[in-house]
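Chemist: input_30.txt (compact mmCIF, C-alpha atoms) pasted underneath:
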# COMPACT_ATOMS: atom_id res chain seq x y z
CA MET A 39 -74.47 47.27 -84.51
CA PRO A 40 -74.05 45.22 -87.67
CA VAL A 41 -70.68 46.91 -88.26
CA ALA A 42 -69.34 46.53 -84.68
CA ALA A 43 -69.88 42.69 -84.35
CA PRO A 44 -67.06 41.58 -86.70
CA ALA A 45 -64.63 43.94 -85.01
CA LEU A 46 -65.37 42.53 -81.62
CA SER A 47 -65.00 39.00 -82.93
CA TRP A 48 -61.58 39.84 -84.38
CA LEU A 49 -60.47 41.42 -81.13
CA ALA A 50 -61.50 38.31 -79.23
CA VAL A 51 -59.53 36.06 -81.57
CA ALA A 52 -56.50 38.32 -81.33
CA GLY A 53 -56.69 38.29 -77.54
CA ARG A 54 -56.79 34.48 -77.49
CA SER A 55 -53.79 34.26 -79.89
CA SER A 56 -51.80 36.66 -77.77
CA SER A 57 -52.61 34.72 -74.63
CA SER A 58 -51.54 31.41 -76.29
CA ALA A 59 -48.28 32.96 -77.46
CA MET A 60 -47.52 34.20 -73.97
CA THR A 61 -48.19 30.74 -72.57
CA ARG A 62 -45.84 29.14 -75.10
CA LEU A 63 -43.19 31.76 -74.34
CA MET A 64 -43.39 31.12 -70.62
CA LEU A 65 -43.26 27.34 -71.17
CA GLY A 66 -40.20 27.69 -73.38
CA ARG A 67 -38.42 29.82 -70.80
CA THR A 68 -39.25 27.29 -68.12
CA LEU A 69 -37.86 24.45 -70.22
CA GLU A 70 -34.78 26.51 -70.95
CA ARG A 71 -34.22 27.05 -67.25
CA ILE A 72 -34.67 23.35 -66.55
CA CYS A 73 -32.17 22.43 -69.26
CA LYS A 74 -29.67 24.93 -67.89
CA GLY A 75 -30.15 23.48 -64.40
CA VAL A 76 -29.62 19.95 -65.66
CA LEU A 77 -26.53 21.09 -67.56
CA LEU A 78 -25.15 22.76 -64.45
CA LEU A 79 -25.76 19.59 -62.43
CA CYS A 80 -23.96 17.51 -65.08
CA LEU A 81 -21.07 19.95 -65.08
CA LEU A 82 -20.91 19.86 -61.29
CA HIS A 83 -20.97 16.06 -61.35
CA PHE A 84 -18.21 16.03 -63.92
CA LEU A 85 -16.06 18.35 -61.83
CA ILE A 86 -16.56 16.23 -58.72
CA MET A 87 -15.61 13.05 -60.64
CA MET A 88 -12.48 14.72 -62.01
CA ILE A 89 -11.46 15.83 -58.52
CA LEU A 90 -11.92 12.31 -57.15
CA TYR A 91 -10.11 10.79 -60.11
CA PHE A 92 -7.08 13.01 -59.73
CA ASP A 93 -7.00 12.40 -56.00
CA VAL A 94 -6.91 8.59 -56.49
CA TYR A 95 -4.39 8.98 -59.30
CA THR A 96 -2.17 11.06 -57.04
CA GLN A 97 -2.29 8.36 -54.33
CA ARG A 98 -1.41 5.65 -56.81
CA PHE A 99 1.40 7.69 -58.23
CA ASP A 100 2.75 8.16 -54.69
CA LEU A 101 2.55 4.39 -54.05
CA PHE A 102 4.38 3.58 -57.29
CA SER A 103 7.02 6.14 -56.50
CA ARG A 104 7.58 4.49 -53.10
CA PHE A 105 7.94 1.11 -54.74
CA ASN A 106 10.36 2.41 -57.37
CA ASN A 107 12.40 4.30 -54.80
CA GLY A 108 12.60 1.21 -52.60
CA ARG A 109 13.50 -1.09 -55.47
CA ASN A 110 16.16 1.27 -56.81
CA GLY A 111 17.55 1.81 -53.33
CA SER A 112 17.79 -1.93 -52.75
CA ARG A 113 19.59 -2.40 -56.03
CA ASN A 114 22.10 0.35 -55.25
CA ASN A 115 22.65 -0.30 -51.55
CA VAL A 116 22.27 -4.06 -51.09
CA SER A 117 25.30 -5.45 -52.87
CA GLY A 118 25.21 -9.00 -54.06
CA ALA A 119 21.70 -9.63 -52.77
CA ALA A 120 20.14 -10.04 -56.17
CA GLY A 121 23.14 -10.80 -58.33
CA ASN A 122 22.09 -11.82 -61.77
CA GLY A 123 18.94 -13.60 -60.58
CA HIS A 124 15.33 -12.53 -60.78
CA HIS A 125 14.76 -11.44 -57.16
CA PHE A 126 13.51 -7.88 -56.51
CA TYR A 127 13.12 -5.97 -53.27
CA TYR A 128 10.59 -3.48 -52.00
CA TYR A 129 10.33 -1.61 -48.71
CA ASN A 130 7.56 -2.56 -46.37
CA LEU A 131 6.27 0.85 -45.22
CA SER A 132 3.77 -0.41 -42.71
CA ARG A 133 3.01 3.01 -41.18
CA PRO A 134 -0.23 4.44 -42.65
CA ASN A 135 0.36 7.25 -45.17
CA ALA A 136 4.12 7.06 -44.61
CA THR A 137 6.48 8.06 -47.40
CA LEU A 138 10.07 7.30 -48.07
CA ALA A 139 11.00 10.89 -47.23
CA SER A 140 9.34 10.67 -43.81
CA TYR A 141 11.33 7.55 -42.98
CA LEU A 142 14.58 9.16 -44.10
CA ALA A 143 13.76 12.28 -42.05
CA THR A 144 13.33 10.29 -38.86
CA GLY A 145 16.47 8.26 -39.52
CA GLU A 146 14.65 4.92 -39.27
CA GLN A 147 16.24 1.94 -40.97
CA LEU A 148 14.47 0.45 -43.95
CA VAL A 149 14.46 -3.33 -44.04
CA PRO A 150 14.21 -4.85 -47.52
CA THR A 151 11.66 -7.59 -47.96
CA VAL A 152 12.15 -10.23 -50.62
CA GLN A 153 9.29 -10.42 -53.07
CA PRO A 154 8.10 -14.04 -53.25
CA GLU A 155 8.61 -15.96 -56.43
CA THR A 156 5.46 -16.01 -58.51
CA ASN A 157 6.34 -19.10 -60.53
CA GLN A 158 6.77 -21.49 -57.59
CA THR A 159 4.40 -24.45 -57.42
CA PRO A 160 2.24 -24.22 -54.27
CA SER A 161 2.95 -26.96 -51.75
CA PRO A 162 0.23 -29.63 -51.51
CA LYS A 163 -2.19 -29.36 -48.63
CA PRO A 164 -1.15 -31.72 -45.80
CA LEU A 165 -3.36 -34.74 -45.26
CA PRO A 166 -5.42 -34.90 -42.05
CA PRO A 167 -4.53 -37.62 -39.53
CA CYS A 168 -6.39 -40.89 -39.95
CA SER A 169 -9.28 -41.42 -37.57
CA GLU A 170 -8.74 -43.67 -34.58
CA ASN A 171 -12.05 -45.28 -35.53
CA PRO A 172 -11.91 -45.71 -39.32
CA PRO A 173 -15.33 -45.07 -40.87
CA GLY A 174 -15.20 -47.95 -43.38
CA LEU A 175 -15.09 -50.85 -40.92
CA VAL A 176 -17.83 -53.50 -41.13
CA GLY A 177 -17.35 -55.37 -37.84
CA ARG A 178 -17.91 -59.13 -37.66
CA LEU A 179 -16.70 -61.01 -40.77
CA LEU A 180 -17.65 -64.32 -42.32
CA ILE A 181 -14.42 -66.35 -42.68
CA GLU A 182 -14.42 -69.59 -44.65
CA PHE A 183 -11.76 -71.69 -46.33
CA SER A 184 -13.84 -73.96 -48.56
CA SER A 185 -13.69 -71.90 -51.78
CA GLN A 186 -10.67 -72.24 -54.00
CA MET A 187 -8.22 -69.38 -53.74
CA THR A 188 -5.59 -68.19 -56.22
CA MET A 189 -3.01 -65.41 -56.14
CA GLU A 190 -4.47 -63.99 -59.35
CA ARG A 191 -7.84 -63.56 -57.66
CA VAL A 192 -6.31 -61.91 -54.60
CA GLN A 193 -4.30 -59.54 -56.78
CA LYS A 194 -7.41 -58.47 -58.70
CA GLU A 195 -9.20 -57.84 -55.41
CA ASN A 196 -6.46 -55.47 -54.23
CA PRO A 197 -5.40 -53.22 -57.13
CA ASN A 198 -4.21 -50.43 -54.81
CA VAL A 199 -1.60 -52.63 -53.11
CA THR A 200 1.83 -51.98 -54.62
CA ASP A 201 4.74 -54.36 -55.18
CA GLY A 202 6.06 -55.92 -52.03
CA GLY A 203 2.62 -55.82 -50.38
CA ARG A 204 2.82 -52.11 -49.58
CA TYR A 205 -0.14 -49.81 -49.05
CA THR A 206 -0.60 -46.22 -47.84
CA PRO A 207 -4.02 -44.56 -47.35
CA PRO A 208 -4.47 -41.86 -50.01
CA ASP A 209 -6.76 -39.60 -47.96
CA CYS A 210 -5.24 -39.45 -44.47
CA ARG A 211 -1.98 -39.67 -42.53
CA PRO A 212 -1.66 -42.79 -40.33
CA ARG A 213 -0.02 -42.53 -36.95
CA TRP A 214 1.97 -45.77 -37.39
CA LYS A 215 4.00 -47.27 -40.20
CA VAL A 216 3.43 -51.00 -39.74
CA ALA A 217 5.51 -53.98 -40.85
CA ILE A 218 3.54 -57.24 -40.73
CA ILE A 219 5.90 -60.18 -40.35
CA ILE A 220 4.98 -63.82 -40.97
CA PRO A 221 7.30 -66.76 -40.15
CA PHE A 222 6.93 -69.21 -43.00
CA ARG A 223 7.76 -72.57 -44.50
CA HIS A 224 5.71 -74.70 -46.90
CA ARG A 225 2.41 -72.87 -46.28
CA GLU A 226 1.62 -71.54 -49.75
CA ASN A 227 -2.06 -72.46 -49.62
CA HIS A 228 -2.53 -70.81 -46.23
CA LEU A 229 -0.79 -67.69 -47.48
CA LYS A 230 -3.37 -67.25 -50.26
CA TYR A 231 -6.24 -67.17 -47.77
CA TRP A 232 -4.33 -64.92 -45.40
CA LEU A 233 -3.67 -62.36 -48.15
CA HIS A 234 -7.24 -62.68 -49.42
CA TYR A 235 -8.70 -61.66 -46.07
CA LEU A 236 -6.02 -59.42 -44.55
CA HIS A 237 -5.35 -56.99 -47.40
CA PRO A 238 -8.96 -55.68 -47.49
CA ILE A 239 -9.08 -55.55 -43.69
CA LEU A 240 -5.86 -53.57 -43.43
CA ARG A 241 -6.92 -51.13 -46.15
CA ARG A 242 -10.24 -50.50 -44.39
CA GLN A 243 -8.29 -49.85 -41.20
CA ARG A 244 -6.39 -47.02 -42.97
CA ILE A 245 -3.00 -48.53 -42.12
CA ASP A 246 0.29 -47.70 -43.82
CA TYR A 247 1.76 -51.18 -44.03
CA GLY A 248 4.06 -53.66 -45.73
CA ILE A 249 3.87 -57.48 -45.60
CA TYR A 250 7.03 -59.57 -45.15
CA ILE A 251 7.12 -63.35 -45.47
CA ILE A 252 10.23 -64.70 -43.73
CA ASN A 253 10.84 -68.07 -45.35
CA GLN A 254 13.11 -70.53 -43.53
CA LEU A 255 15.06 -72.49 -46.12
CA GLY A 256 16.05 -76.11 -45.65
CA GLU A 257 14.43 -78.82 -43.60
CA ASP A 258 16.06 -78.27 -40.25
CA THR A 259 13.98 -77.65 -37.15
CA PHE A 260 11.70 -74.65 -37.46
CA ASN A 261 12.42 -71.58 -35.31
CA ARG A 262 9.48 -69.19 -35.24
CA ALA A 263 10.88 -66.56 -32.87
CA LYS A 264 14.22 -66.28 -34.67
CA LEU A 265 12.40 -65.77 -37.97
CA LEU A 266 10.45 -62.94 -36.34
CA ASN A 267 13.72 -61.31 -35.31
CA VAL A 268 14.93 -61.64 -38.90
CA GLY A 269 11.71 -60.05 -40.14
CA TYR A 270 12.12 -57.10 -37.79
CA THR A 271 15.69 -56.52 -38.98
CA GLU A 272 14.97 -56.91 -42.70
CA ALA A 273 11.82 -54.78 -42.63
CA LEU A 274 13.79 -51.87 -41.20
CA LYS A 275 16.14 -52.12 -44.18
CA ASP A 276 13.12 -51.64 -46.45
CA GLY A 277 11.25 -48.85 -44.68
CA GLU A 278 11.13 -46.60 -41.63
CA TYR A 279 8.71 -48.76 -39.67
CA ASP A 280 7.87 -47.95 -36.08
CA CYS A 281 5.33 -50.72 -35.43
CA PHE A 282 5.64 -54.47 -35.97
CA ILE A 283 2.83 -57.04 -36.11
CA PHE A 284 3.93 -60.68 -35.82
CA SER A 285 1.36 -63.10 -37.21
CA ASP A 286 1.08 -66.80 -37.92
CA VAL A 287 -0.03 -67.47 -41.48
CA ASP A 288 -2.94 -69.70 -40.47
CA LEU A 289 -4.80 -67.15 -38.29
CA ILE A 290 -7.50 -64.87 -39.75
CA PRO A 291 -9.23 -62.16 -37.69
CA MET A 292 -13.02 -62.40 -37.61
CA ASP A 293 -13.61 -58.71 -36.92
CA ASP A 294 -11.98 -55.77 -38.72
CA ARG A 295 -12.36 -53.59 -35.60
CA ASN A 296 -9.33 -55.48 -34.25
CA LEU A 297 -6.99 -52.72 -35.42
CA TYR A 298 -3.53 -53.83 -36.56
CA HIS A 299 -1.38 -51.04 -35.18
CA CYS A 300 0.68 -50.49 -32.03
CA TYR A 301 -0.50 -49.33 -28.64
CA ASP A 302 0.94 -47.85 -25.47
CA GLN A 303 1.64 -51.38 -24.25
CA PRO A 304 2.59 -54.55 -26.20
CA ARG A 305 -0.52 -55.86 -27.90
CA HIS A 306 -1.90 -59.40 -28.07
CA PHE A 307 -4.48 -59.55 -30.86
CA ALA A 308 -5.44 -63.25 -31.13
CA ILE A 309 -7.08 -63.68 -27.74
CA ALA A 310 -10.06 -65.83 -28.76
CA MET A 311 -9.23 -68.55 -31.31
CA ASP A 312 -11.79 -71.05 -32.46
CA LYS A 313 -9.47 -73.94 -31.54
CA PHE A 314 -9.61 -72.77 -27.90
CA GLY A 315 -13.39 -72.29 -27.94
CA PHE A 316 -12.96 -68.52 -28.45
CA ARG A 317 -11.38 -68.14 -25.02
CA LEU A 318 -7.94 -67.18 -23.79
CA PRO A 319 -6.29 -70.49 -22.88
CA TYR A 320 -4.35 -68.99 -19.95
CA ALA A 321 -3.54 -65.52 -18.61
CA GLY A 322 0.05 -65.41 -19.87
CA TYR A 323 -0.75 -66.54 -23.40
CA PHE A 324 0.88 -64.32 -26.06
CA GLY A 325 0.79 -66.55 -29.15
CA GLY A 326 -0.69 -66.32 -32.62
CA VAL A 327 -0.74 -62.59 -33.44
CA SER A 328 1.01 -59.89 -31.43
CA GLY A 329 2.33 -56.38 -31.93
CA LEU A 330 5.09 -54.23 -30.47
CA SER A 331 6.39 -50.79 -31.27
CA LYS A 332 10.04 -50.44 -32.16
CA LYS A 333 10.76 -49.00 -28.72
CA GLN A 334 8.96 -51.86 -26.96
CA PHE A 335 10.70 -54.48 -29.12
CA LEU A 336 14.16 -53.12 -28.35
CA LYS A 337 13.35 -52.79 -24.65
CA ILE A 338 12.90 -56.58 -24.39
CA ASN A 339 15.89 -57.30 -26.70
CA GLY A 340 13.53 -58.72 -29.30
CA PHE A 341 12.56 -62.38 -29.22
CA PRO A 342 14.60 -65.42 -28.14
CA ASN A 343 16.64 -67.19 -30.82
CA GLU A 344 17.05 -70.53 -29.04
CA TYR A 345 13.53 -71.98 -29.18
CA TRP A 346 13.88 -74.64 -31.86
CA GLY A 347 10.68 -76.53 -32.60
CA TRP A 348 7.11 -75.89 -31.51
CA GLY A 349 6.13 -74.05 -28.33
CA GLY A 350 7.59 -71.94 -25.57
CA GLU A 351 8.77 -68.84 -27.44
CA ASP A 352 5.52 -66.89 -26.94
CA ASP A 353 5.65 -67.54 -23.17
CA ASP A 354 9.25 -66.36 -23.13
CA ILE A 355 8.17 -63.17 -24.90
CA TYR A 356 5.41 -62.63 -22.35
CA ASN A 357 7.99 -63.00 -19.56
CA ARG A 358 10.27 -60.46 -21.25
CA ILE A 359 7.43 -57.96 -21.39
CA THR A 360 6.45 -58.28 -17.73
CA LEU A 361 10.06 -58.41 -16.50
CA ASN A 362 10.68 -55.06 -18.23
CA GLY A 363 7.82 -53.36 -16.44
CA MET A 364 5.26 -53.48 -19.26
CA LYS A 365 1.81 -55.02 -19.45
CA VAL A 366 0.07 -56.85 -22.27
CA SER A 367 -2.95 -55.05 -23.73
CA ARG A 368 -5.76 -56.94 -25.45
CA PRO A 369 -8.93 -56.12 -27.40
CA ASP A 370 -12.40 -57.00 -26.23
CA VAL A 371 -12.99 -60.74 -26.43
CA ARG A 372 -15.86 -60.18 -28.89
CA ILE A 373 -13.48 -58.35 -31.25
CA GLY A 374 -10.32 -60.45 -30.80
CA ARG A 375 -11.83 -63.60 -32.35
CA TYR A 376 -9.80 -65.64 -34.89
CA ARG A 377 -10.31 -68.60 -37.14
CA MET A 378 -7.45 -71.00 -37.70
CA ILE A 379 -6.91 -72.86 -40.97
CA LYS A 380 -6.86 -76.50 -39.95
CA HIS A 381 -3.71 -78.39 -40.81
CA GLU A 382 -1.43 -81.15 -39.64
CA ARG A 383 1.63 -80.26 -37.59
CA ASP A 384 4.55 -79.40 -39.84
CA LYS A 385 7.44 -81.77 -40.20
CA HIS A 386 10.55 -80.66 -38.33
CA ASN A 387 8.42 -78.54 -36.02
CA GLU A 388 7.88 -81.06 -33.26
CA PRO A 389 7.32 -79.85 -29.68
CA ASN A 390 10.47 -78.58 -28.06
CA PRO A 391 11.18 -80.74 -24.98
CA GLN A 392 13.41 -78.04 -23.48
CA ARG A 393 10.83 -75.28 -23.65
CA PHE A 394 9.69 -75.46 -20.02
CA ASN A 395 13.23 -75.13 -18.63
CA LYS A 396 13.95 -72.23 -20.97
CA ILE A 397 10.77 -70.38 -19.96
CA GLN A 398 11.83 -70.52 -16.30
CA ASN A 399 15.19 -68.90 -17.14
CA THR A 400 13.95 -65.94 -19.20
CA LYS A 401 15.24 -63.44 -16.66
CA ASN A 402 18.77 -64.81 -17.03
CA THR A 403 18.78 -65.26 -20.81
CA MET A 404 16.89 -62.29 -22.23
CA LYS A 405 19.83 -59.88 -22.06
CA LYS A 406 22.14 -62.08 -24.12
CA ASP A 407 19.64 -64.01 -26.28
CA GLY A 408 17.62 -61.83 -28.62
CA ILE A 409 17.92 -59.22 -31.35
CA SER A 410 21.40 -58.33 -30.07
CA SER A 411 22.70 -61.87 -30.72
CA LEU A 412 20.85 -62.56 -33.98
CA THR A 413 22.78 -64.24 -36.81
CA TYR A 414 21.40 -65.35 -40.18
CA ARG A 415 22.07 -65.21 -43.90
CA VAL A 416 19.74 -63.75 -46.51
CA ILE A 417 19.59 -65.91 -49.63
CA GLN A 418 16.95 -64.06 -51.65
CA VAL A 419 14.66 -61.04 -51.39
CA LYS A 420 11.84 -60.97 -53.94
CA ARG A 421 8.97 -58.53 -54.20
CA TYR A 422 5.68 -60.01 -55.30
CA PRO A 423 2.57 -57.93 -56.01
CA LEU A 424 1.04 -58.78 -52.61
CA TYR A 425 4.03 -59.36 -50.32
CA THR A 426 7.81 -59.35 -49.97
CA ASN A 427 9.41 -62.78 -49.67
CA ILE A 428 12.71 -63.01 -47.78
CA SER A 429 14.34 -66.45 -47.87
CA VAL A 430 16.94 -66.99 -45.16
CA GLU A 431 19.20 -69.55 -43.57
CA ILE A 432 19.10 -69.35 -39.78
CA GLY A 433 21.39 -72.24 -38.84
CA LYS A 434 20.70 -75.44 -36.98
CA PRO A 435 19.67 -76.18 -33.41
CA PRO A 436 22.45 -77.13 -31.01
CA PRO A 437 22.71 -80.85 -30.25
CA ARG A 438 20.44 -81.91 -27.45
CA PRO A 439 22.12 -83.15 -24.27
CA PHE A 440 22.42 -86.92 -24.08
CA LYS A 441 20.30 -88.58 -21.43
CA GLY A 442 21.91 -91.66 -19.95
Re-express the file's structure as structure tokens.
Modeler:
Amino acid sequence: MPVAAPALSWLAVAGRSSSSAMTRLMLGRTLERICKGVLLLCLLHFLIMMILYFDVYTQRFDLFSRFNNGRNGSRNNVSGAAGNGHHFYYYNLSRPNATLASYLATGEQLVPTVQPETNQTPSPKPLPPCSENPPGLVGRLLIEFSSQMTMERVQKENPNVTDGGRYTPPDCRPRWKVAIIIPFRHRENHLKYWLHYLHPILRRQRIDYGIYIINQLGEDTFNRAKLLNVGYTEALKDGEYDCFIFSDVDLIPMDDRNLYHCYDQPRHFAIAMDKFGFRLPYAGYFGGVSGLSKKQFLKINGFPNEYWGWGGEDDDIYNRITLNGMKVSRPDVRIGRYRMIKHERDKHNEPNPQRFNKIQNTKNTMKKDGISSLTYRVIQVKRYPLYTNISVEIGKPPPRPFKG
């Protein structure tokens, strides 16, 4: 027994070592199999990727070959199309998976398409139309004439107005191009206030406009309506206007919602002046500030030229409108309010004693007395920062009939 114990112990140790070696051998074989499996998967993945790659490459090569065939064909067969310029052609094979050979086999005609120039500057995006209700309006305005006014101040207040009193909204496209025409003589102080208030109003209304002061030279009798005809004619020489606003220089709107553009019917803006207690003095009143489109103006043959002195011409204009089948449109009385700059009546603008007889004969005179019979002489046209001044000679009134 003492001799057999060490032998058994050695056998036990040897058995354990053999068992451990077998375990390590089996583990190594397992790992080897796993590595081979992973390697096979990688190889399979690689093969699949190569197949896909060559398939895509083949498609691209086919596309390029179509392009080259089309371009070469266009160069050889389309004589003079490209010349010495930089235009190239390619064939628009719109059929899916079609090739040049398939088109030739079917005998279909290939239409060359011009490749667009890549160096052309893209056209600017068109502006949206201006809103019929401009968002920047403030409504009722405080109008006062007590503070001193200068042209320098008005010019600083309106930096976006260009020479000649022109303005175009930068962010929208107005429907009308408006010429605002003012008959004028010796009213420099009134003009400062008018420009001070009207330029900001017109800009808020998103109006494309120009301002024209029609200055009657000399000291003969004033003729408001004839000066308005002159303004219409001269403004059209300066721009493609399709709307004309005729305004006295001493009238300021008290609400910027009274929009200075043209309407479907001739427009009377100044319907509620402070001097009339903010009421329309009578139904046919058309004085102060009015507006007509070019079509409406020509339909009534413009304004009469034979109203020398104060009064009557606006009633004649109203008659012309109604006699030609049109109606006068007006704003709401709460919006069409105006303040007038107080002043004495101008010299050589006394009331016209013949105005009532002339008004009764509008139907007979409007065809021959108007824009079609206008005569005048331009002496000077000068563009100031806030307006265009046009000085004219319009003649003298005919001698009044002698009353025995």
Chemist: Which residue is closest to A:Asp370? Choose from A:Ala308, A:Leu336, A:Tyr345, A:Val176 and count all atoms listed in the file.
Modeler: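 Among the listed residues, the smallest separation from A:Asp370 belongs to A:Ala308.
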Chemist: Quick one: pull the distance between atom CA of A:Trp232 and atom CA of A:Ile290, Å, one decimal.
Modeler: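 For atom CA of A:Trp232 relative to atom CA of A:Ile290, the distance reads 6.5 Å.
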Chemist: Can you tell me, as a VMD selection string, what residues are no more than 10 Å from A:Lys313 when counting only C-alpha atoms, ignoring any on the same chain fewer than 6 positions away?
Modeler: chain A and resid 319 376 to 380
Chemist: A:Phe316, A:Cys73, A:His234, A:Ala263: which is nearest A:Glu190, counting all atoms listed in the file?
Modeler: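 So, comparing all the options, the nearest one is A:His234.
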Chemist: Which residues are close to A:Asp302, i.e. within 10 Å by all atoms listed in the file, leaving aside same-chain residues fewer than 5 positions away? Reply as a list in words.
Modeler: Leu330, Ser331, Gln334, Met364, Lys365, Val366 and Ser367 of chain A
Chemist: Smallest atom-to-atom distance to A:Leu266: which of A:Gly174, A:Pro197, A:Pro304, A:Pro342, using only C-alpha atoms?
Modeler: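 Among A:Gly174, A:Pro197, A:Pro304, A:Pro342, it is A:Pro342 that comes nearest to A:Leu266.
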Chemist: Using atom CA of A:Gly340 and atom CA of A:Thr400 as the two end points, give the distance in Å to one decimal.
Modeler: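 Calculated distance between atom CA of A:Gly340 and atom CA of A:Thr400 is 12.4 Å.
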Chemist: Can you tell me how far atom CA of A:Asp352 sits from atom CA of A:Tyr250, in Å to one decimal?
Modeler: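 These atoms are spaced 19.7 Å apart.
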Chemist: My list of candidates is A:His228, A:Arg223, A:Arg241, A:Lys420. Which is closest to A:Arg262 when distances are computed with only C-alpha atoms?
Modeler: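 So, comparing all the options, the nearest one is A:Arg223.
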Chemist: Counting only C-alpha atoms, which residue out of A:Gln254, A:Asn402, A:Thr360, A:Thr68 sits closest to A:Gly433?
Modeler: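 Under the stated criterion, the closest residue is A:Gln254.
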